[in-house]
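Participant: Handing you this structure, nothing more for now.
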Amino acid sequence: MAEVLVLIDHNAGLVSRAAGELLTAARALGAVHAVAVVRAGEADASRAVAAQFGAAKLSIIEAVDGHPITPSVDALASIAQASSPAAILLTSGAKGKEIAGRLAVRLGSGIITDAIELASDFSATQSIFGGSTVVHSKVTHGAPVITVRPNACEPVAAESSPEIIDIPINHTSSGVKVTSRQAPVKGGRPELTEASIIVSGGRGTNGDFGPVESLADALGAAVGASRAATDAGWYPHSNQVGQTGKTVSPQLYVACGISGAIQHRAGMQTSKTIVAINKDADAPIFELADFGVVGDLFNVVPQAAAGVQARKS
C-alpha cells in the first residue's frame with residue numbers, strides 16, 4: 001500500500017483541527033505516516049491525534065529552537081528520501097505553503113496548493129479565479145507535495161496504534177532565525193480559517209457588529225467581515241473574508257448584510273451551506289446562497305440568535 005506523509009501542524013502548542021482533516025483525507029489514499037515537528041510538551045498531543053485518526057506510523061522530530069520553518073522541511077525531506085512516499089500532505093496557510101514550497105524544491109517534486117479534494121490517483125481539485133473555475137491538477141514529477149485547504153473534508157476518527165519510526169534528521173538549514181516571539185491575542189471564538197461555522201457582517205451592519213457577534217456566539221462560530229466593513233474600520237482586517245483576506249470553507253457560512261461582491265465570494269463560496277440575510281432582494285449573494293432571508297439584519301439576526309439559544313436550552 002502506498003505511504004502518504006502528513007505533517008501534523010501545531011499552533012501555540014495545540015494540534016489544529018486541520019490535522020485531523022489531513023489524516024482523514026490521507027487514509028483514503030494509503031498508509032498514513034504522520035510527522036510532527038514538536039517543541040517541549042507537544043509530543044503527547046501529536047501521538048494522540050495520530051492514534052485518533054488512523055496513522056499507521058508516527059515520526060516525532062524535535063524542533064530546532066529559533067527556526068520556525070526549516071526543521072519541518074528538513075524532517076519531511078529526510079523521511080521522504082528514506083521512504084519514497086506516494087504523496088506529502090500539509091495544511092494550506094502561510095506556514096504550510098512555505099514549508100511545501102521549500103520541500104518541493106528540496107525534493108525536486110511538483111507542488112499543488114489549496115486543494116479542496118484529493119482523488120485516489122493523487123490528482124487534486126482546486127477552486128481558482130475567485131471560485132469561477134474548478135481545476136483538476138496532477139503532479140507529473142516526484143512525490144506530489146499538496147497543501148489542502150482547511151475544512152475541505154470532515155475529520156473522521158479511526159483508532160490505531162501507530163508504529164513509532166525514528167529517522168535521524170540532518171538539520172542543515174539556518175537561513176532564518178526567530179529572535180523573539182509574541183503569542184497572538186485570542187478571544188473565545190474559533191480561528192476563522194479553521195471554524196466549522198462562520199457568521200460574517202458587511203456594509204449592511206453600518207458598523208454595528210453586535211447582532212453578528214451574538215449569533216456567532218450562540219452558534220459557537222467565528223466572526224468574519226467583508227472588505228467594505230474592514231476598510232471602514234468597523235472590524236479588524238484579520239477577520240476579513242475574501243480574495244484579499246482569508247479563504248474559508250466552513251460547514252455553515254452566514255452572510256449578514258453582505259451584498260456578495262466577487263471579491264468576497266472568492267473567499268467563501270466553497271462553504272458547504274451558505275445562508276444570506278440582506279434587505280436587498282437583488283443582492284448577488286442570493287445567487288450563491290442555499291438559504292436566503294430578505295429582511296433587515298437588525299430584525300432577522302437577533303431572532304435567529306434567540307431561536308438558537310432557545311433550542312440549546
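By order in the C-alpha cells, chains are A, B, ...; within a chain, residues start at 1; ligands start at 1, following the order shown.
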From the DSSP assignment of the backbone, select every residue of range 6-95 of chain A that is strand (DSSP E), and format the answer as a list in words.

Facilitator: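 For range 6-95 of chain A, the strand (DSSP E) set is Val6, Leu7, Ile8, His10, Asn11, Leu14, Val15, Ala31, Val32, His33, Ala34, Val35, Ala36, Val37, Val38, Lys57, Leu58, Ser59, Ile60, Ile61, Glu62, Ala87, Ile88, Leu89, Leu90 and Thr91 of chain A.
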
Participant: Give me the residues within 8 Å of Val139 in chain A as a VMD selection string, counting only C-alpha atoms and dropping any in the same chain fewer than 4 places off.

Facilitator: chain A and resid 109 to 112 123 143 to 144

Participant: With C-alpha atoms kept, could you save the residues just selected as a CSV table (one decimal), in the first residue's frame?

Facilitator:
```csv
chain,number,residue,atom,x,y,z
A,109,SER,CA,8.9,17.5,-6.8
A,110,GLY,CA,5.8,19.2,-8.2
A,111,ILE,CA,3.5,21.1,-5.9
A,112,ILE,CA,-0.2,21.8,-5.7
A,123,SER,CA,-4.8,14.3,-8.5
A,143,ALA,CA,6.3,12.7,-4.9
A,144,PRO,CA,3.4,15.3,-5.1
```

Participant: To test your reading of the structure, identify every residue in range 132-232 of chain A that backbone DSSP assigns to alpha helix (DSSP H), and report it as JSON, numbers by chain.

Facilitator: {"A": [210, 211, 212, 213, 214, 215, 216, 217, 218, 219, 227, 228, 229, 230, 231]}

Participant: Write the residues you've just listed into a file as a tab-separated table (two decimals), in the first residue's frame, and include N, CA, C and O atoms for each of them.

Facilitator:
```
chain	number	residue	atom	x	y	z
A	210	GLY	N	-22.78	43.98	16.71
A	210	GLY	CA	-23.38	43.34	17.88
A	210	GLY	C	-24.26	42.15	17.53
A	210	GLY	O	-24.08	41.05	18.07
A	211	PRO	N	-25.23	42.30	16.61
A	211	PRO	CA	-26.07	41.15	16.25
A	211	PRO	C	-25.28	40.00	15.62
A	211	PRO	O	-25.57	38.82	15.87
A	212	VAL	N	-24.28	40.35	14.81
A	212	VAL	CA	-23.45	39.33	14.18
A	212	VAL	C	-22.70	38.53	15.24
A	212	VAL	O	-22.66	37.29	15.21
A	213	GLU	N	-22.11	39.22	16.20
A	213	GLU	CA	-21.36	38.54	17.25
A	213	GLU	C	-22.27	37.71	18.15
A	213	GLU	O	-21.90	36.62	18.59
A	214	SER	N	-23.49	38.21	18.39
A	214	SER	CA	-24.43	37.45	19.23
A	214	SER	C	-24.82	36.14	18.58
A	214	SER	O	-24.87	35.09	19.23
A	215	LEU	N	-25.10	36.19	17.26
A	215	LEU	CA	-25.44	34.96	16.56
A	215	LEU	C	-24.24	34.02	16.51
A	215	LEU	O	-24.38	32.80	16.69
A	216	ALA	N	-23.05	34.57	16.29
A	216	ALA	CA	-21.83	33.74	16.25
A	216	ALA	C	-21.63	33.04	17.59
A	216	ALA	O	-21.32	31.84	17.64
A	217	ASP	N	-21.82	33.76	18.68
A	217	ASP	CA	-21.62	33.16	20.00
A	217	ASP	C	-22.67	32.10	20.29
A	217	ASP	O	-22.39	31.07	20.93
A	218	ALA	N	-23.90	32.32	19.82
A	218	ALA	CA	-24.95	31.32	20.02
A	218	ALA	C	-24.63	30.03	19.26
A	218	ALA	O	-24.93	28.93	19.73
A	219	LEU	N	-24.00	30.17	18.10
A	219	LEU	CA	-23.68	29.01	17.26
A	219	LEU	C	-22.30	28.42	17.56
A	219	LEU	O	-21.93	27.39	17.00
A	227	ARG	N	-14.76	43.09	3.01
A	227	ARG	CA	-13.74	44.11	2.85
A	227	ARG	C	-14.30	45.50	3.13
A	227	ARG	O	-13.62	46.35	3.70
A	228	ALA	N	-15.55	45.74	2.72
A	228	ALA	CA	-16.17	47.05	2.98
A	228	ALA	C	-16.19	47.35	4.47
A	228	ALA	O	-15.93	48.48	4.89
A	229	ALA	N	-16.49	46.32	5.27
A	229	ALA	CA	-16.56	46.51	6.72
A	229	ALA	C	-15.19	46.75	7.33
A	229	ALA	O	-15.03	47.60	8.22
A	230	THR	N	-14.19	46.01	6.86
A	230	THR	CA	-12.85	46.20	7.43
A	230	THR	C	-12.21	47.49	6.95
A	230	THR	O	-11.53	48.17	7.72
A	231	ASP	N	-12.44	47.85	5.68
A	231	ASP	CA	-11.89	49.12	5.18
A	231	ASP	C	-12.49	50.32	5.89
A	231	ASP	O	-11.84	51.36	6.05
```

Participant: Enter the distance from CA of Val223 in chain A to CA of Val308 in chain A, in Å, rounded to one decimal.

Facilitator: 16.4 Å

Participant: What gap, in Å, lies between CA of Val178 in chain A and CA of Arg102 in chain A?

Facilitator: 17.7 Å

Participant: Set the distance at 7 Å and use only C-alpha atoms: which residues neighbour range 279-282 of chain A once local chain neighbours fewer than 6 positions away are removed? I'd like the list as a list in words.

Facilitator: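 So, after excluding close chain neighbours, the residues are Val294, Gly295 and Asp296 of chain A.
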
Participant: Within 8 Å of Phe122 in chain A, counting only C-alpha atoms, which residues show up once you throw out same-chain ones fewer than 3 positions away? Write them as a ChimeraX atom specification, please.

Facilitator: /A:29,87,118-119,138,144

Participant: With only C-alpha atoms as the atoms that count, which of A:Ala306, A:Asn151, A:Asp290, A:Phe209 lies nearest to Val248 in chain A?

Facilitator: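 The closest residue to Val248 in chain A is A:Asn151.
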
Participant: From the set A:Lys272, A:His141, A:His237, A:Lys177, which residue has the shortest atom-to-atom contact distance to Ile197 in chain A, counting only C-alpha atoms?

Facilitator: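 Looking only at the distances to Ile197 in chain A, the closest residue turns out to be A:Lys272.
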
Participant: Smallest atom-to-atom distance to Ala82 in chain A: which of A:Ala56, A:Ala255, A:Ile165, A:Ala100, using only C-alpha atoms?

Facilitator: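 Ranking A:Ala56, A:Ala255, A:Ile165, A:Ala100 by distance to Ala82 in chain A, first place goes to A:Ile165.
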